[in-house]
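Participant: You'll find entry_17.cif just under this line, and it carries mmCIF, C-alpha atoms.
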data_data
loop_
_atom_site.group_PDB
_atom_site.id
_atom_site.type_symbol
_atom_site.label_atom_id
_atom_site.label_comp_id
_atom_site.auth_asym_id
_atom_site.auth_seq_id
_atom_site.Cartn_x
_atom_site.Cartn_y
_atom_site.Cartn_z
ATOM 1 C CA MET A 21 7.471 1.494 52.294
ATOM 2 C CA ASN A 22 5.566 3.526 54.897
ATOM 3 C CA CYS A 23 1.890 4.419 54.682
ATOM 4 C CA GLU A 24 1.455 8.106 53.832
ATOM 5 C CA ILE A 25 -1.500 8.387 56.210
ATOM 6 C CA CYS A 26 -0.658 6.480 59.383
ATOM 7 C CA GLY A 27 3.087 6.039 58.868
ATOM 8 C CA SER A 28 3.146 2.302 59.538
ATOM 9 C CA TYR A 29 5.345 0.020 57.453
ATOM 10 C CA CYS A 30 3.550 -1.923 54.730
ATOM 11 C CA GLU A 31 4.956 -4.437 52.285
ATOM 12 C CA LYS A 32 2.154 -3.957 49.775
ATOM 13 C CA SER A 33 0.828 -0.450 49.268
ATOM 14 C CA HIS A 34 -2.409 0.695 47.693
ATOM 15 C CA THR A 35 -2.856 3.895 45.714
ATOM 16 C CA VAL A 36 -5.912 5.913 46.740
ATOM 17 C CA LYS A 37 -7.244 9.327 45.781
ATOM 18 C CA ILE A 38 -8.337 11.680 48.580
ATOM 19 C CA ASP A 39 -9.491 15.203 47.638
ATOM 20 C CA GLU A 40 -7.676 15.262 44.278
ATOM 21 C CA THR A 41 -4.444 14.000 45.896
ATOM 22 C CA PHE A 42 -2.920 10.549 45.437
ATOM 23 C CA PHE A 43 -1.500 8.613 48.405
ATOM 24 C CA GLU A 44 0.336 5.325 48.833
ATOM 25 C CA VAL A 45 -1.326 3.711 51.851
ATOM 26 C CA CYS A 46 -1.429 0.483 53.859
ATOM 27 C CA GLU A 47 -4.217 -2.099 53.914
ATOM 28 C CA LYS A 48 -5.888 -0.473 56.967
ATOM 29 C CA CYS A 49 -5.933 3.045 55.461
ATOM 30 C CA LYS A 50 -7.032 2.160 51.920
ATOM 31 C CA ASN A 51 -10.698 2.743 52.819
ATOM 32 C CA TYR A 52 -10.050 6.458 53.474
ATOM 33 C CA GLY A 53 -9.942 7.207 49.756
ATOM 34 C CA ALA A 54 -11.116 6.008 46.381
ATOM 35 C CA PRO A 55 -9.019 3.162 44.990
ATOM 36 C CA VAL A 56 -6.909 3.952 41.929
ATOM 37 C CA GLU A 57 -5.693 1.275 39.524
ATOM 38 C CA SER A 58 -2.490 3.071 38.602
ATOM 39 C CA PRO A 59 -1.164 6.441 39.761
ATOM 40 C CA PRO A 60 -1.536 9.232 37.202
ATOM 41 C CA ASP A 61 1.358 10.549 35.200
ATOM 42 C CA LEU A 62 2.138 13.829 36.948
ATOM 43 C CA ARG A 63 3.382 15.334 33.699
ATOM 44 C CA GLU A 64 -0.219 15.332 32.441
ATOM 45 C CA HIS A 65 -1.214 17.758 35.169
ATOM 46 C CA LYS A 66 -0.373 21.449 35.319
ATOM 47 C CA SER A 67 3.090 22.083 36.615
ATOM 48 C CA VAL A 68 3.498 23.418 40.136
ATOM 49 C CA LYS A 69 4.985 26.614 38.702
ATOM 50 C CA LYS A 70 1.962 27.125 36.459
ATOM 51 C CA LEU A 71 -0.392 26.565 39.395
ATOM 52 C CA ARG A 72 1.543 29.072 41.522
ATOM 53 C CA GLU A 73 1.410 31.662 38.743
ATOM 54 C CA GLU A 74 -2.387 31.403 38.753
ATOM 55 C CA LYS A 75 -2.647 32.077 42.489
ATOM 56 C CA PHE A 76 -2.653 35.531 44.014
ATOM 57 C CA VAL A 77 -0.997 36.482 47.282
ATOM 58 C CA GLY A 78 -0.538 39.696 49.225
ATOM 59 C CA GLY A 79 -3.592 41.496 47.924
ATOM 60 C CA ASN A 80 -3.487 41.902 44.166
ATOM 61 C CA LEU A 81 0.141 40.941 43.583
ATOM 62 C CA PRO A 82 0.399 37.756 41.492
ATOM 63 C CA LEU A 83 2.996 35.211 42.547
ATOM 64 C CA GLU A 84 5.291 35.799 39.605
ATOM 65 C CA GLU A 85 8.651 37.419 39.188
ATOM 66 C CA ILE A 86 8.606 41.056 40.192
ATOM 67 C CA SER A 87 11.329 43.370 38.907
ATOM 68 C CA LEU A 88 12.935 45.080 41.862
ATOM 69 C CA ILE A 89 15.033 48.207 41.601
ATOM 70 C CA ALA A 90 18.763 47.513 41.426
ATOM 71 C CA GLU A 91 19.726 48.536 44.974
ATOM 72 C CA PHE A 92 16.478 47.609 46.753
ATOM 73 C CA GLY A 93 18.280 46.682 49.983
ATOM 74 C CA GLN A 94 20.084 50.007 50.218
ATOM 75 C CA ALA A 95 16.860 51.890 49.368
ATOM 76 C CA ILE A 96 15.030 50.095 52.187
ATOM 77 C CA LYS A 97 17.859 50.750 54.628
ATOM 78 C CA SER A 98 18.126 54.467 53.868
ATOM 79 C CA SER A 99 14.329 54.977 53.933
ATOM 80 C CA ARG A 100 14.138 53.093 57.231
ATOM 81 C CA ALA A 101 16.855 55.324 58.702
ATOM 82 C CA LYS A 102 15.089 58.490 57.475
ATOM 83 C CA LYS A 103 11.860 57.357 59.143
ATOM 84 C CA GLY A 104 13.793 56.593 62.358
ATOM 85 C CA PHE A 105 12.890 52.890 62.510
ATOM 86 C CA THR A 106 15.179 50.129 63.723
ATOM 87 C CA ILE A 107 15.293 46.908 61.710
ATOM 88 C CA LYS A 108 13.216 45.263 64.435
ATOM 89 C CA GLU A 109 10.568 48.028 64.332
ATOM 90 C CA LEU A 110 10.326 47.851 60.539
ATOM 91 C CA GLY A 111 10.014 44.069 60.735
ATOM 92 C CA GLN A 112 7.132 44.426 63.182
ATOM 93 C CA LYS A 113 5.382 46.908 60.888
ATOM 94 C CA VAL A 114 5.570 44.557 57.896
ATOM 95 C CA PHE A 115 4.988 41.392 59.990
ATOM 96 C CA GLU A 116 8.395 39.876 59.292
ATOM 97 C CA LYS A 117 11.279 38.679 61.477
ATOM 98 C CA GLU A 118 14.189 40.983 62.198
ATOM 99 C CA SER A 119 16.646 38.452 60.735
ATOM 100 C CA VAL A 120 14.733 38.320 57.456
ATOM 101 C CA MET A 121 14.594 42.122 57.282
ATOM 102 C CA HIS A 122 18.349 42.258 57.842
ATOM 103 C CA ARG A 123 18.982 39.842 54.948
ATOM 104 C CA ILE A 124 16.629 41.854 52.712
ATOM 105 C CA GLU A 125 18.524 45.065 53.517
ATOM 106 C CA LEU A 126 21.822 43.345 52.703
ATOM 107 C CA GLY A 127 20.345 42.224 49.367
ATOM 108 C CA LYS A 128 20.881 38.553 50.186
ATOM 109 C CA ILE A 129 17.196 37.723 49.670
ATOM 110 C CA GLU A 130 14.339 39.415 47.827
ATOM 111 C CA PRO A 131 11.183 40.281 49.752
ATOM 112 C CA SER A 132 8.068 38.240 49.075
ATOM 113 C CA PRO A 133 5.272 40.035 47.193
ATOM 114 C CA ARG A 134 3.383 40.525 50.479
ATOM 115 C CA VAL A 135 6.410 42.007 52.281
ATOM 116 C CA LEU A 136 7.315 44.098 49.225
ATOM 117 C CA LYS A 137 3.866 45.692 49.205
ATOM 118 C CA LYS A 138 4.005 46.390 52.957
ATOM 119 C CA LEU A 139 7.518 47.892 52.695
ATOM 120 C CA GLU A 140 6.386 50.239 49.947
ATOM 121 C CA GLU A 141 3.403 51.325 52.054
ATOM 122 C CA VAL A 142 5.289 51.757 55.347
ATOM 123 C CA LEU A 143 8.369 53.453 53.897
ATOM 124 C CA GLY A 144 6.578 55.432 51.194
ATOM 125 C CA ILE A 145 9.007 54.338 48.478
ATOM 126 C CA LYS A 146 8.756 52.464 45.194
ATOM 127 C CA LEU A 147 10.802 49.245 45.095
ATOM 128 C CA ARG A 148 9.498 47.826 41.807
ATOM 129 C CA GLU A 149 10.688 48.925 38.379
#
Turn the structure described in the file into structure tokens.
Facilitator:
Amino acid sequence: MNCEICGSYCEKSHTVKIDETFFEVCEKCKNYGAPVESPPDLREHKSVKKLREEKFVGGNLPLEEISLIAEFGQAIKSSRAKKGFTIKELGQKVFEKESVMHRIELGKIEPSPRVLKKLEEVLGIKLRE
């Protein structure tokens, strides 16, 4: 196994806790954290999904499922065309890559909450149901 701190190979690892995170480390790196007898059962802790639901991103939009209108990609594309923006220009306005904006317009991916909020502001349209 490799040490999760320095990356060196170690035959016997030690479990240590550093800032609420558990690491498997080598003999040299074990002093960087508090020793732990046995690693905790991760099922006892909140699930990653639950932790993400409690966080907020993009202003006041919680990181949870957001109901988009049915043809959000087409709505973005037509509003962009009405405003006279290219995909690249719209991407710059919402701080996203042109390739990502293209995939959003095609409906292949959904915009993140941050991008969704910026698109609604820049284009002056409502994309959420």
Participant: What's around range 144-148 of chain A at 9 Å? Count all atoms listed in the file, leave out sequence neighbours fewer than 3 positions away in its own chain, and write the answer as a PDB file with C-alpha atoms, in the coordinates of the input.
Facilitator:
ATOM      1  CA  ILE A  86       8.606  41.056  40.192  1.00  0.00           C
ATOM      2  CA  SER A  87      11.329  43.370  38.907  1.00  0.00           C
ATOM      3  CA  LEU A  88      12.935  45.080  41.862  1.00  0.00           C
ATOM      4  CA  ILE A  89      15.033  48.207  41.601  1.00  0.00           C
ATOM      5  CA  ALA A  90      18.763  47.513  41.426  1.00  0.00           C
ATOM      6  CA  GLU A  91      19.726  48.536  44.974  1.00  0.00           C
ATOM      7  CA  PHE A  92      16.478  47.609  46.753  1.00  0.00           C
ATOM      8  CA  ALA A  95      16.860  51.890  49.368  1.00  0.00           C
ATOM      9  CA  ILE A  96      15.030  50.095  52.187  1.00  0.00           C
ATOM     10  CA  SER A  99      14.329  54.977  53.933  1.00  0.00           C
ATOM     11  CA  LEU A 136       7.315  44.098  49.225  1.00  0.00           C
ATOM     12  CA  LYS A 137       3.866  45.692  49.205  1.00  0.00           C
ATOM     13  CA  LEU A 139       7.518  47.892  52.695  1.00  0.00           C
ATOM     14  CA  GLU A 140       6.386  50.239  49.947  1.00  0.00           C
ATOM     15  CA  GLU A 141       3.403  51.325  52.054  1.00  0.00           C
TER      16      GLU A 141
END
Participant: Can you tell me, as a list in words, what residues are no more than 9 Å from range 37-48 of chain A when counting only C-alpha atoms, ignoring any on the same chain fewer than 4 positions away?
Facilitator: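 So, after excluding close chain neighbours, the residues are Met21, Asn22, Cys23, Glu24, Ile25, Cys26, Gly27, Ser28, Tyr29, Cys30, Glu31, Lys32, Ser33, Tyr52, Gly53, Ala54, Pro55, Val56, Pro59 and Pro60 of chain A.
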Participant: Quick one: of A:Ile124, A:Ile129, A:Cys49, A:Val142, who's nearest to Gly93 in chain A, counting all atoms listed in the file?
Facilitator: A:Ile124
Participant: Just to confirm, what's the straight-line distance from CA of Pro133 in chain A to CA of Lys102 in chain A in Å (one decimal)?
Facilitator: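 So the answer is 23.3 Å.
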Participant: To one decimal place in Å, what is the distance between CA of Asn51 in chain A and CA of His34 in chain A?
Facilitator: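 Here the two named atoms are 10.0 Å from each other.
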Participant: Please provide as a PyMOL selection string all residues within 8 Å of range 105-117 of chain A, with the sequence filter that same-chain residues fewer than 2 positions apart are discarded (counting only C-alpha atoms).
Facilitator: chain A and resi 100-103+119-122+135+138-139+142
Participant: May I ask which of the residues A:Pro131, A:Glu118, A:Leu126, A:Lys97 is the closest one to Leu143 in chain A, counting only C-alpha atoms?
Facilitator: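 Residue with the minimum atom-to-atom distance to Leu143 in chain A: A:Lys97.
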Participant: Range 38-53 of chain A, all listed atoms, 4 Å padding on each side: what axis-aligned box centre and edge lengths in Å to one decimal come out, as lines of an AutoDock Vina configuration file?
Facilitator:
center_x = -5.2
center_y = 6.6
center_z = 50.6
size_x = 19.0
size_y = 25.4
size_z = 20.7
Participant: Taking N, CA and C atoms as the atom set, what does range 45-56 of chain A look like once completed, written as a JSON list (two decimals), in the frame of the given file?
Facilitator:
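This is the output file result.json:
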[["chain", "number", "residue", "atom", "x", "y", "z"],
["A", 45, "VAL", "N", -0.88, 4.02, 50.50],
["A", 45, "VAL", "CA", -1.33, 3.71, 51.85],
["A", 45, "VAL", "C", -1.30, 2.22, 52.13],
["A", 46, "CYS", "N", -1.41, 1.88, 53.43],
["A", 46, "CYS", "CA", -1.43, 0.48, 53.86],
["A", 46, "CYS", "C", -2.83, -0.11, 53.71],
["A", 47, "GLU", "N", -2.94, -1.38, 54.01],
["A", 47, "GLU", "CA", -4.22, -2.10, 53.91],
["A", 47, "GLU", "C", -5.29, -1.47, 54.80],
["A", 48, "LYS", "N", -4.92, -1.06, 56.03],
["A", 48, "LYS", "CA", -5.89, -0.47, 56.97],
["A", 48, "LYS", "C", -6.40, 0.89, 56.50],
["A", 49, "CYS", "N", -5.56, 1.68, 55.83],
["A", 49, "CYS", "CA", -5.93, 3.04, 55.46],
["A", 49, "CYS", "C", -6.52, 3.16, 54.06],
["A", 50, "LYS", "N", -6.58, 2.06, 53.30],
["A", 50, "LYS", "CA", -7.03, 2.16, 51.92],
["A", 50, "LYS", "C", -8.50, 2.57, 51.80],
["A", 51, "ASN", "N", -9.28, 2.38, 52.86],
["A", 51, "ASN", "CA", -10.70, 2.74, 52.82],
["A", 51, "ASN", "C", -10.94, 4.24, 53.00],
["A", 52, "TYR", "N", -9.89, 5.01, 53.30],
["A", 52, "TYR", "CA", -10.05, 6.46, 53.47],
["A", 52, "TYR", "C", -10.21, 7.20, 52.15],
["A", 53, "GLY", "N", -9.85, 6.55, 51.05],
["A", 53, "GLY", "CA", -9.94, 7.21, 49.76],
["A", 53, "GLY", "C", -10.48, 6.28, 48.70],
["A", 54, "ALA", "N", -10.63, 6.80, 47.51],
["A", 54, "ALA", "CA", -11.12, 6.01, 46.38],
["A", 54, "ALA", "C", -9.94, 5.24, 45.78],
["A", 55, "PRO", "N", -10.12, 3.95, 45.55],
["A", 55, "PRO", "CA", -9.02, 3.16, 44.99],
["A", 55, "PRO", "C", -8.68, 3.62, 43.57],
["A", 56, "VAL", "N", -7.40, 3.56, 43.25],
["A", 56, "VAL", "CA", -6.91, 3.95, 41.93],
["A", 56, "VAL", "C", -6.11, 2.78, 41.38]]
